[in-house]
$ cat coords.tsv   # TSV, C-alpha atoms
chain	number	residue	atom	x	y	z
A	1	MET	CA	28.64	-10.33	20.71
A	2	LEU	CA	25.74	-9.12	22.88
A	3	GLY	CA	27.12	-5.61	22.60
A	4	ILE	CA	27.09	-5.79	18.79
A	5	LEU	CA	23.52	-7.15	18.74
A	6	ALA	CA	22.41	-4.45	21.15
A	7	ALA	CA	24.02	-1.78	18.99
A	8	VAL	CA	22.34	-3.17	15.85
A	9	PHE	CA	18.98	-3.30	17.62
A	10	ILE	CA	19.32	0.26	18.90
A	11	GLY	CA	20.36	1.36	15.41
A	12	LEU	CA	17.27	-0.24	13.86
A	13	VAL	CA	15.01	1.33	16.46
A	14	MET	CA	16.56	4.74	15.83
A	15	MET	CA	16.14	4.29	12.08
A	16	VAL	CA	12.45	3.41	12.50
A	17	ILE	CA	11.91	6.43	14.75
A	18	LEU	CA	13.68	8.72	12.30
A	19	ILE	CA	11.58	7.42	9.39
A	20	ASP	CA	8.49	8.36	11.40
A	21	ILE	CA	9.67	11.67	12.81
A	22	LEU	CA	11.54	13.26	9.91
A	23	PRO	CA	8.56	13.51	7.51
A	24	MET	CA	6.34	15.03	10.21
A	25	SER	CA	9.05	17.50	11.15
A	26	TRP	CA	9.64	18.39	7.52
A	27	ASP	CA	5.91	19.00	6.96
A	28	TRP	CA	5.83	21.33	9.95
A	29	LEU	CA	8.82	23.30	8.72
A	30	SER	CA	7.54	23.41	5.14
A	31	ARG	CA	4.24	24.94	6.23
A	32	ILE	CA	5.86	27.95	7.84
A	33	HIS	CA	4.81	31.01	5.81
A	34	ILE	CA	2.55	28.89	3.60
A	35	GLY	CA	0.30	30.76	1.17
A	36	ARG	CA	2.46	33.83	0.58
A	37	TYR	CA	1.83	33.83	-3.19
A	38	ARG	CA	-0.14	36.81	-4.45
A	39	ASN	CA	0.96	36.95	-8.08
A	40	LYS	CA	-0.36	34.24	-10.44
A	41	GLN	CA	2.69	34.39	-12.67
A	42	GLU	CA	5.05	33.84	-9.74
A	43	TRP	CA	2.82	31.04	-8.44
A	44	ASN	CA	2.77	29.41	-11.88
A	45	HIS	CA	6.55	29.50	-12.16
A	46	SER	CA	6.99	28.03	-8.69
A	47	ILE	CA	4.50	25.16	-8.97
A	48	THR	CA	5.72	24.30	-12.48
A	49	GLN	CA	9.32	24.06	-11.32
A	50	VAL	CA	8.22	21.58	-8.65
A	51	GLY	CA	6.38	19.60	-11.34
A	52	VAL	CA	9.50	19.42	-13.50
A	53	ASN	CA	11.53	18.19	-10.52
A	54	TRP	CA	8.90	15.65	-9.50
A	55	LEU	CA	8.25	14.09	-12.91
A	56	ASN	CA	11.20	11.71	-12.67
A	57	HIS	CA	11.36	11.64	-8.88
A	58	THR	CA	7.66	11.51	-8.05
A	59	PRO	CA	7.02	11.43	-4.30
A	60	LYS	CA	5.65	8.05	-3.26
A	61	ILE	CA	2.02	8.12	-2.18
A	62	LYS	CA	1.20	6.03	0.86
A	63	VAL	CA	-1.32	3.22	0.63
A	64	THR	CA	-2.06	3.34	4.36
A	65	ASP	CA	-2.67	6.22	6.77
A	66	ASN	CA	-0.04	4.96	9.20
A	67	VAL	CA	2.28	7.68	10.47
A	68	ARG	CA	4.10	5.44	12.96
A	69	LEU	CA	6.24	2.38	12.27
A	70	VAL	CA	6.22	3.39	8.61
A	71	ALA	CA	9.34	1.30	8.05
A	72	ILE	CA	7.28	-1.86	8.60
A	73	ASP	CA	4.91	-0.82	5.80
A	74	MET	CA	7.90	-0.24	3.56
A	75	VAL	CA	9.32	-3.71	4.28
A	76	LYS	CA	5.93	-5.35	3.69
A	77	GLY	CA	5.44	-3.49	0.40
A	78	ASN	CA	2.40	-1.67	1.75
A	79	TYR	CA	3.82	1.83	1.47
A	80	SER	CA	3.06	2.58	-2.19
A	81	LYS	CA	1.72	0.82	-5.29
A	82	SER	CA	2.55	1.37	-8.95
A	83	ALA	CA	-1.13	1.89	-9.88
A	84	ILE	CA	-1.32	4.84	-7.50
A	85	GLN	CA	1.84	6.29	-9.00
A	86	HIS	CA	0.45	6.10	-12.55
A	87	TRP	CA	-2.15	8.79	-11.97
A	88	GLN	CA	0.33	10.93	-10.03
A	89	GLU	CA	2.77	10.86	-12.95
A	90	ALA	CA	-0.05	11.33	-15.47
A	91	SER	CA	-1.20	14.53	-13.80
A	92	LEU	CA	2.31	15.99	-13.77
A	93	LEU	CA	2.67	15.12	-17.46
A	94	LEU	CA	-0.69	16.74	-18.25
A	95	GLY	CA	0.36	19.85	-16.38
A	96	LEU	CA	3.69	20.11	-18.16
A	97	SER	CA	2.07	19.46	-21.56
A	98	GLU	CA	-0.15	22.49	-20.90
A	99	CYS	CA	2.89	24.49	-19.88
A	100	MET	CA	4.75	23.56	-23.09
A	101	LYS	CA	2.02	25.28	-25.12
A	102	ASN	CA	3.26	28.52	-23.56
A	103	GLY	CA	6.87	27.65	-24.30
A	104	SER	CA	9.19	25.17	-22.66
A	105	ASN	CA	12.83	25.26	-21.64
A	106	LYS	CA	15.71	22.83	-21.87
A	107	GLU	CA	15.22	21.56	-18.31
A	108	MET	CA	11.56	20.74	-18.97
A	109	ASP	CA	12.28	19.12	-22.33
A	110	THR	CA	15.03	17.00	-20.80
A	111	SER	CA	12.82	15.96	-17.89
A	112	ILE	CA	10.01	14.83	-20.19
A	113	GLU	CA	12.43	13.01	-22.50
A	114	GLN	CA	13.96	11.21	-19.53
A	115	PHE	CA	10.51	10.27	-18.23
A	116	LEU	CA	9.41	8.83	-21.57
A	117	LYS	CA	12.59	6.76	-21.85
A	118	SER	CA	11.95	5.34	-18.37
A	119	LYS	CA	8.42	4.22	-19.31
A	120	PHE	CA	8.77	3.09	-22.92
A	121	ASP	CA	11.31	1.05	-24.89
A	122	ALA	CA	12.91	1.95	-28.22
A	123	LYS	CA	9.88	0.62	-30.11
A	124	GLY	CA	7.47	2.78	-28.14
A	125	GLN	CA	6.01	-0.06	-26.07
A	126	TRP	CA	5.59	-0.05	-22.29
A	127	ARG	CA	8.75	-1.28	-20.58
A	128	VAL	CA	6.51	-2.85	-17.94
A	129	LYS	CA	3.03	-3.51	-19.30
A	130	PRO	CA	0.43	-2.16	-16.84
A	131	GLU	CA	-2.13	-4.53	-15.35
A	132	TYR	CA	-4.71	-1.96	-14.29
A	133	ILE	CA	-6.76	0.58	-16.19
A	134	ASP	CA	-5.32	3.38	-14.01
A	135	SER	CA	-2.51	3.49	-16.58
A	136	ALA	CA	-4.84	4.82	-19.29
A	137	ILE	CA	-4.65	8.34	-17.88
A	138	LEU	CA	-0.85	8.12	-18.12
A	139	ALA	CA	-1.18	7.09	-21.77
A	140	TYR	CA	-3.50	10.07	-22.20
A	141	GLY	CA	-0.83	12.32	-20.71
A	142	VAL	CA	1.61	11.11	-23.37
A	143	LEU	CA	-0.98	11.63	-26.12
A	144	LYS	CA	-1.34	15.26	-24.97
A	145	LEU	CA	2.34	16.04	-25.59
A	146	ASP	CA	1.85	17.99	-28.81
A	147	GLN	CA	5.54	18.88	-29.01
A	148	VAL	CA	6.56	15.19	-28.97
A	149	ASP	CA	6.23	12.61	-31.76
A	150	THR	CA	3.48	10.67	-30.01
A	151	GLU	CA	3.16	8.37	-33.03
A	152	HIS	CA	6.30	6.66	-31.75
A	153	TYR	CA	4.30	5.36	-28.76
A	154	LYS	CA	1.43	3.86	-30.74
A	155	LEU	CA	2.31	0.33	-29.59
A	156	ALA	CA	1.80	1.44	-25.99
A	157	PHE	CA	-1.46	3.18	-26.88
A	158	ASP	CA	-2.71	0.07	-28.67
A	159	SER	CA	-1.70	-2.01	-25.66
A	160	THR	CA	-3.65	0.35	-23.39
A	161	TRP	CA	-6.74	-0.02	-25.58
A	162	GLU	CA	-6.40	-3.81	-25.38
A	163	LEU	CA	-6.12	-3.58	-21.58
A	164	ILE	CA	-9.29	-1.51	-21.42
A	165	GLN	CA	-11.11	-3.95	-23.71
A	166	SER	CA	-10.17	-6.81	-21.41
A	167	HIS	CA	-11.94	-4.96	-18.57
A	168	ILE	CA	-15.28	-4.43	-20.34
A	169	GLY	CA	-18.06	-6.08	-18.35
A	170	GLU	CA	-21.38	-7.62	-19.31
A	171	ASP	CA	-23.08	-4.22	-19.22
A	172	GLY	CA	-20.70	-2.88	-21.86
A	173	THR	CA	-18.79	-0.56	-19.52
A	174	VAL	CA	-15.27	-0.71	-18.13
A	175	GLN	CA	-14.57	-2.41	-14.80
A	176	TYR	CA	-12.21	-0.81	-12.29
A	177	ARG	CA	-10.78	-4.23	-11.40
A	178	LYS	CA	-11.64	-7.64	-12.87
A	179	PHE	CA	-12.06	-9.15	-9.41
A	180	MET	CA	-14.75	-6.51	-8.68
A	181	ASN	CA	-16.59	-7.00	-11.94
A	182	LYS	CA	-20.04	-5.98	-10.64
A	183	TYR	CA	-18.92	-2.56	-9.40
A	184	ARG	CA	-18.53	0.57	-11.49
A	185	TYR	CA	-16.30	3.20	-9.89
A	186	VAL	CA	-16.41	6.92	-10.58
A	187	ASP	CA	-12.58	6.82	-10.68
A	188	THR	CA	-12.72	4.77	-13.88
A	189	ILE	CA	-14.32	7.65	-15.77
A	190	GLY	CA	-11.29	9.85	-15.13
A	191	PHE	CA	-8.86	7.03	-15.83
A	192	VAL	CA	-10.16	5.85	-19.21
A	193	CYS	CA	-12.60	8.25	-20.89
A	194	PRO	CA	-10.22	11.04	-21.98
A	195	PHE	CA	-7.77	8.47	-23.37
A	196	LEU	CA	-10.53	6.62	-25.24
A	197	VAL	CA	-11.80	9.79	-26.90
A	198	ARG	CA	-8.39	11.19	-27.90
A	199	TYR	CA	-7.10	7.78	-29.03
A	200	GLY	CA	-10.36	7.06	-30.89
A	201	ILE	CA	-10.35	10.40	-32.71
A	202	LYS	CA	-6.64	10.24	-33.54
A	203	TYR	CA	-6.69	6.71	-34.94
A	204	ASN	CA	-10.23	6.69	-36.34
A	205	LYS	CA	-11.60	4.14	-33.88
A	206	PRO	CA	-15.20	5.24	-33.27
A	207	GLU	CA	-15.76	2.26	-30.97
A	208	CYS	CA	-13.35	3.85	-28.47
A	209	VAL	CA	-15.30	7.11	-28.42
A	210	GLN	CA	-18.58	5.20	-28.13
A	211	LEU	CA	-17.23	3.28	-25.12
A	212	ALA	CA	-16.22	6.52	-23.38
A	213	ILE	CA	-19.63	8.05	-23.99
A	214	ARG	CA	-21.37	4.91	-22.74
A	215	GLN	CA	-19.25	4.97	-19.58
A	216	LEU	CA	-20.32	8.56	-18.93
A	217	GLU	CA	-23.97	8.02	-19.83
A	218	GLN	CA	-24.30	4.93	-17.66
A	219	TYR	CA	-22.81	6.75	-14.68
A	220	GLU	CA	-25.15	9.67	-15.24
A	221	LYS	CA	-28.05	7.21	-15.28
A	222	PHE	CA	-27.11	4.99	-12.32
A	223	GLY	CA	-24.43	6.74	-10.26
A	224	MET	CA	-25.74	10.26	-9.68
A	225	LEU	CA	-27.83	11.57	-6.79
A	226	GLU	CA	-31.13	12.82	-8.12
A	227	ASP	CA	-31.68	16.61	-7.95
A	228	HIS	CA	-28.23	17.37	-6.45
A	229	PHE	CA	-26.37	15.68	-9.35
A	230	ILE	CA	-23.32	14.48	-7.43
A	231	PRO	CA	-21.83	11.01	-7.98
A	232	SER	CA	-21.62	8.13	-5.54
A	233	HIS	CA	-18.21	6.50	-5.19
A	234	ALA	CA	-19.50	3.48	-7.12
A	235	TYR	CA	-22.65	1.55	-7.99
A	236	HIS	CA	-23.55	-2.12	-8.40
A	237	THR	CA	-24.41	-3.19	-11.94
A	238	ASP	CA	-27.06	-5.75	-10.90
A	239	ASN	CA	-29.33	-3.35	-9.04
A	240	ALA	CA	-27.82	0.15	-9.43
A	241	MET	CA	-27.27	0.21	-5.67
A	242	PRO	CA	-25.05	3.22	-4.77
A	243	LEU	CA	-21.86	2.37	-2.88
A	244	GLY	CA	-19.71	4.66	-0.72
A	245	LEU	CA	-20.37	8.35	-0.27
A	246	TYR	CA	-22.39	10.67	-2.41
A	247	GLY	CA	-20.24	13.76	-2.50
A	248	TRP	CA	-16.75	12.32	-1.99
A	249	GLY	CA	-14.67	15.24	-3.24
A	250	ARG	CA	-12.08	13.47	-5.34
A	251	GLY	CA	-14.83	11.30	-6.78
A	252	LEU	CA	-16.37	14.48	-8.11
A	253	GLY	CA	-12.90	15.32	-9.40
A	254	TRP	CA	-12.60	12.03	-11.28
A	255	LEU	CA	-15.97	12.57	-12.92
A	256	ALA	CA	-15.02	16.15	-13.73
A	257	ILE	CA	-11.76	15.09	-15.42
A	258	GLY	CA	-13.38	12.30	-17.42
A	259	LEU	CA	-16.26	14.50	-18.52
A	260	ILE	CA	-14.51	17.76	-19.34
A	261	ASP	CA	-11.43	16.26	-21.02
A	262	SER	CA	-13.62	13.92	-23.10
A	263	TRP	CA	-15.80	16.89	-24.04
A	264	GLY	CA	-12.71	18.92	-24.95
A	265	GLU	CA	-11.33	16.16	-27.19
A	266	LEU	CA	-14.51	15.91	-29.29
A	267	PRO	CA	-14.66	18.09	-32.42
A	268	LYS	CA	-17.47	20.66	-32.40
A	269	GLU	CA	-19.38	18.83	-35.11
A	270	HIS	CA	-19.14	15.40	-33.44
A	271	GLU	CA	-22.43	13.57	-32.87
A	272	PHE	CA	-21.86	13.31	-29.09
A	273	LYS	CA	-20.78	16.91	-28.53
A	274	SER	CA	-24.26	18.28	-27.91
A	275	SER	CA	-25.23	15.67	-25.31
A	276	LEU	CA	-21.96	16.22	-23.45
A	277	ASN	CA	-22.59	19.98	-23.52
A	278	GLN	CA	-25.70	19.39	-21.43
A	279	PHE	CA	-23.89	17.02	-19.06
A	280	VAL	CA	-21.13	19.61	-18.55
A	281	LEU	CA	-23.62	22.41	-17.84
A	282	LYS	CA	-25.63	20.32	-15.40
A	283	PHE	CA	-22.53	19.19	-13.52
A	284	ALA	CA	-21.07	22.74	-13.49
A	285	ARG	CA	-24.21	24.11	-11.84
A	286	ALA	CA	-23.99	21.40	-9.19
A	287	MET	CA	-20.30	22.09	-8.50
A	288	LEU	CA	-20.86	25.82	-8.16
A	289	ALA	CA	-23.59	25.14	-5.61
A	290	PHE	CA	-21.16	23.21	-3.38
A	291	GLN	CA	-18.19	25.60	-3.66
A	292	HIS	CA	-17.33	27.48	-0.45
A	293	SER	CA	-16.87	31.23	-0.29
A	294	ASP	CA	-13.08	30.76	0.07
A	295	GLY	CA	-13.06	29.01	-3.31
A	296	ASN	CA	-12.46	25.47	-2.05
A	297	TRP	CA	-14.44	22.26	-1.93
A	298	ASN	CA	-14.23	19.95	1.08
A	299	TRP	CA	-13.29	16.28	0.89
A	300	THR	CA	-17.00	15.60	1.49
A	301	VAL	CA	-18.55	18.40	-0.50
A	302	THR	CA	-21.93	18.08	1.21
A	303	ARG	CA	-20.55	18.76	4.71
A	304	LYS	CA	-19.08	22.12	5.67
A	305	GLU	CA	-17.57	20.51	8.81
A	306	THR	CA	-15.11	18.37	6.81
A	307	ARG	CA	-11.65	19.52	5.75
A	308	ALA	CA	-10.94	21.37	2.55
A	309	ASP	CA	-9.26	19.17	-0.06
A	310	SER	CA	-6.81	20.64	-2.54
A	311	SER	CA	-7.11	17.69	-4.95
A	312	THR	CA	-10.87	18.21	-5.22
A	313	THR	CA	-10.40	21.96	-5.59
A	314	ALA	CA	-7.74	21.64	-8.30
A	315	THR	CA	-9.70	19.18	-10.45
A	316	LEU	CA	-12.98	21.09	-10.14
A	317	ALA	CA	-11.20	24.37	-10.89
A	318	TRP	CA	-9.89	22.78	-14.10
A	319	PHE	CA	-13.42	21.63	-14.92
A	320	LEU	CA	-14.92	25.10	-14.39
A	321	LEU	CA	-12.16	26.77	-16.37
A	322	GLN	CA	-12.90	24.53	-19.34
A	323	ALA	CA	-16.68	24.73	-18.89
A	324	SER	CA	-16.47	28.53	-19.05
A	325	GLN	CA	-16.18	28.10	-22.83
A	326	LEU	CA	-19.92	27.38	-22.87
A	327	ASN	CA	-21.79	30.67	-23.17
A	328	GLU	CA	-24.72	29.54	-21.02
A	329	LEU	CA	-22.62	29.52	-17.83
A	330	SER	CA	-19.40	31.25	-18.83
A	331	GLU	CA	-19.37	34.06	-16.27
A	332	GLU	CA	-20.29	31.85	-13.31
A	333	CYS	CA	-17.69	29.21	-14.21
A	334	LEU	CA	-14.96	31.79	-14.65
A	335	GLU	CA	-15.73	33.39	-11.31
A	336	GLY	CA	-15.76	29.98	-9.59
A	337	SER	CA	-12.44	28.98	-11.14
A	338	GLU	CA	-10.88	32.30	-10.11
A	339	ARG	CA	-11.89	31.79	-6.48
A	340	ALA	CA	-10.54	28.23	-6.58
A	341	ILE	CA	-7.19	29.42	-7.96
A	342	HIS	CA	-6.87	31.99	-5.17
A	343	TYR	CA	-7.59	29.28	-2.61
A	344	LEU	CA	-4.93	26.98	-4.13
A	345	MET	CA	-2.40	29.82	-3.99
A	346	LYS	CA	-3.13	30.16	-0.26
A	347	VAL	CA	-2.29	26.49	0.41
A	348	THR	CA	0.95	26.46	-1.58
A	349	ARG	CA	4.16	26.03	0.40
A	350	ARG	CA	7.13	28.33	-0.03
A	351	SER	CA	8.75	25.58	-2.13
A	352	GLY	CA	5.89	25.67	-4.64
A	353	ALA	CA	4.33	22.37	-3.49
A	354	VAL	CA	0.55	22.58	-3.13
A	355	ASP	CA	-0.48	21.21	0.28
A	356	PHE	CA	-3.50	19.66	2.01
A	357	SER	CA	-4.69	17.05	-0.48
A	358	GLN	CA	-6.48	13.98	0.79
A	359	GLY	CA	-4.43	10.78	0.77
A	360	ASP	CA	-5.18	7.65	-1.23
A	361	THR	CA	-8.58	6.00	-0.75
A	362	LYS	CA	-8.45	2.56	0.87
A	363	ASP	CA	-11.74	1.08	-0.37
A	364	ILE	CA	-15.29	2.06	-1.24
A	365	GLY	CA	-16.39	4.22	1.67
A	366	VAL	CA	-12.98	4.08	3.38
A	367	TYR	CA	-11.26	7.43	2.94
A	368	SER	CA	-7.92	8.79	4.04
A	369	MET	CA	-7.71	11.32	6.84
A	370	LEU	CA	-4.21	12.42	5.90
A	371	PHE	CA	-3.88	15.72	4.01
A	372	ASN	CA	-0.52	16.51	2.48
A	373	ILE	CA	1.21	17.10	-0.85
A	374	LEU	CA	-0.02	15.05	-3.82
A	375	PRO	CA	1.62	15.10	-7.27
A	376	PHE	CA	-1.84	14.63	-8.77
A	377	THR	CA	-2.92	17.98	-7.32
A	378	GLN	CA	0.33	19.62	-8.36
A	379	GLY	CA	-0.19	18.57	-11.97
A	380	PHE	CA	-3.70	19.96	-12.14
A	381	CYS	CA	-2.60	23.23	-10.60
A	382	ILE	CA	0.03	23.49	-13.34
A	383	ARG	CA	-2.64	22.74	-15.95
A	384	ILE	CA	-4.89	25.44	-14.51
A	385	ALA	CA	-2.19	28.09	-14.17
A	386	ASN	CA	-0.84	27.67	-17.69
A	387	PHE	CA	-4.22	27.42	-19.42
A	388	HIS	CA	-5.39	30.46	-17.47
A	389	SER	CA	-2.35	32.57	-18.35
A	390	ARG	CA	-2.66	31.70	-22.04
A	391	GLU	CA	-6.42	31.76	-22.63
A	392	MET	CA	-7.57	34.34	-20.10
A	393	GLY	CA	-4.83	36.84	-20.84
A	394	ARG	CA	-3.93	37.42	-17.21

$ encode --input "coords.tsv" --output "structure tokens"
Amino acid sequence: MLGILAAVFIGLVMMVILIDILPMSWDWLSRIHIGRYRNKQEWNHSITQVGVNWLNHTPKIKVTDNVRLVAIDMVKGNYSKSAIQHWQEASLLLGLSECMKNGSNKEMDTSIEQFLKSKFDAKGQWRVKPEYIDSAILAYGVLKLDQVDTEHYKLAFDSTWELIQSHIGEDGTVQYRKFMNKYRYVDTIGFVCPFLVRYGIKYNKPECVQLAIRQLEQYEKFGMLEDHFIPSHAYHTDNAMPLGLYGWGRGLGWLAIGLIDSWGELPKEHEFKSSLNQFVLKFARAMLAFQHSDGNWNWTVTRKETRADSSTTATLAWFLLQASQLNELSEECLEGSERAIHYLMKVTRRSGAVDFSQGDTKDIGVYSMLFNILPFTQGFCIRIANFHSREMGR
């Protein structure tokens, strides 16, 4: 009996050790010959294939930074959360929707169809109704699938709008979490604003567009560092006190996504288009000022000593690529996006997975020090590569 117990114990210990060691060993092996891509078309094909494979088998993103005794986190349910996965999946979907504009294939079509069936029932409603507003960016990803009958998912879109409404605070803007009702996070802009604008335009709900614009305007008023025009992680609604870092890279990315995608969804003649034009130009100038010569942005954009972050670089490259449509800063934005693309190519593994993205944030001011693959980054690289190949003609 003791022998059996000892064998079981040794087996469990070995399993725990393997769960810790195998991922680290795999990362080391995967980084051999990293950054060998020189041709954008080849890079595009490679990263897109990874995106297709990941859509229905999205790598789990860790909640903690633990790299030892990971099995314990898994048992406790602290390894990954569904809310984190929503914006990973959303980014992949946004990337593939951009790719489909250049022409899809059977494998991609099947992957997207399978994904939609896993998330929505036959009536087009969420199979599992989300509790957090993070899911709005996933709904936006579905709305962007021009080759799919998105009208079928209107119940889910309506449900998402209801969820957002239930998170509107006393100041008339959307809360990140109901239990943190006095805080306004920069993340929320990326999560909800593009959905609100596209949904509002599509279904003639001007109140949705107005809410998105208010969210952006209020953050510009209370959440930005004067002169340098970079956002704080969050601010307090009672006194506009900034919370967390000014210059957290992915925070800039969330603002960039919410701003540029909302801007892109508005028709040229829309009443809010002109004011967003100015916001885009002002933010673009700020981002160009913080970009490094290699084309990257660091996880703290104000400090050259911090590590480069691929998630920040991918989202800001997307922003600059879109902002280049404005004549006032077209050349500078194009040049900045080109340098960012070349940097992202240099941190892409042989497999096509883009490496060195910062891990999930733990709390306001508590940032991950792990840098690895992130489906969110992968999706935005796919968006960039396919938009670039189509619109820039190269």

$ residues_around --input "coords.tsv" --residues "Lys346 in chain A" --least-positions-apart "2" --cutoff "10 Å" --atoms "only C-alpha atoms" --output "MDAnalysis selection string"
chainID A and resid 34:38 294 340:344 348:349 354:355

$ closest_residue --input "coords.tsv" --among "A:Lys362, A:Lys178, A:Arg127, A:Arg339" --to "Gly244 in chain A" --atoms "all atoms listed in the file"
A:Lys362

$ residues_around --input "coords.tsv" --residues "range 302-315 of chain A" --least-positions-apart "2" --cutoff "9 Å" --atoms "all atoms listed in the file" --output "count of residues only"
44

$ residues_around --input "coords.tsv" --residues "Arg285 in chain A" --least-positions-apart "5" --cutoff "10 Å" --atoms "all atoms listed in the file" --output "ChimeraX atom specification"
/A:228-229,280,290,320,329,332-333

$ closest_residue --input "coords.tsv" --among "A:Gln175, A:Gln49, A:Thr58, A:Ser262" --to "Gly190 in chain A" --atoms "only C-alpha atoms"
A:Ser262

$ closest_residue --input "coords.tsv" --among "A:Tyr185, A:Phe157, A:Phe272, A:Trp43" --to "Tyr140 in chain A" --atoms "all atoms listed in the file"
A:Phe157

$ atom_distance --input "coords.tsv" --atom1 "CA of Leu245 in chain A" --atom2 "CA of Pro231 in chain A"
8.3 Å

$ closest_residue --input "coords.tsv" --among "A:Met392, A:Ala286, A:Arg177, A:Asp171" --to "Leu225 in chain A" --atoms "all atoms listed in the file"
A:Ala286

$ closest_residue --input "coords.tsv" --among "A:Cys99, A:Leu138, A:Ala323, A:Ala234" --to "Asn277 in chain A" --atoms "only C-alpha atoms"
A:Ala323

$ atom_distance --input "coords.tsv" --atom1 "CA of Thr188 in chain A" --atom2 "CA of Ala289 in chain A"
24.5 Å

$ residues_around --input "coords.tsv" --residues "range 192-205 of chain A" --least-positions-apart "6" --cutoff "9 Å" --atoms "only C-alpha atoms" --output "VMD selection string"
chain A and resid 133 to 141 143 to 144 157 to 158 161 164 174 211 to 213 215 to 216 257 to 267

$ closest_residue --input "coords.tsv" --among "A:Ser275, A:Phe387, A:Glu98, A:Glu269" --to "Gln322 in chain A" --atoms "all atoms listed in the file"
A:Phe387

$ atom_distance --input "coords.tsv" --atom1 "CA of Ile230 in chain A" --atom2 "CA of Gln218 in chain A"
14.0 Å

$ residues_near_point --input "coords.tsv" --point "(4.7, -3.7, -23.8)" --cutoff "8 Å" --atoms "all atoms listed in the file" --output "list in words"
Phe120, Gln125, Trp126, Arg127, Val128, Lys129, Leu155, Ala156 and Ser159 of chain A

$ residues_near_point --input "coords.tsv" --point "(7.1, 15.1, -1.8)" --cutoff "10 Å" --atoms "all atoms listed in the file" --output "PyMOL selection string"
chain A and resi 23+27+50+54+57-61+353+355+372-375
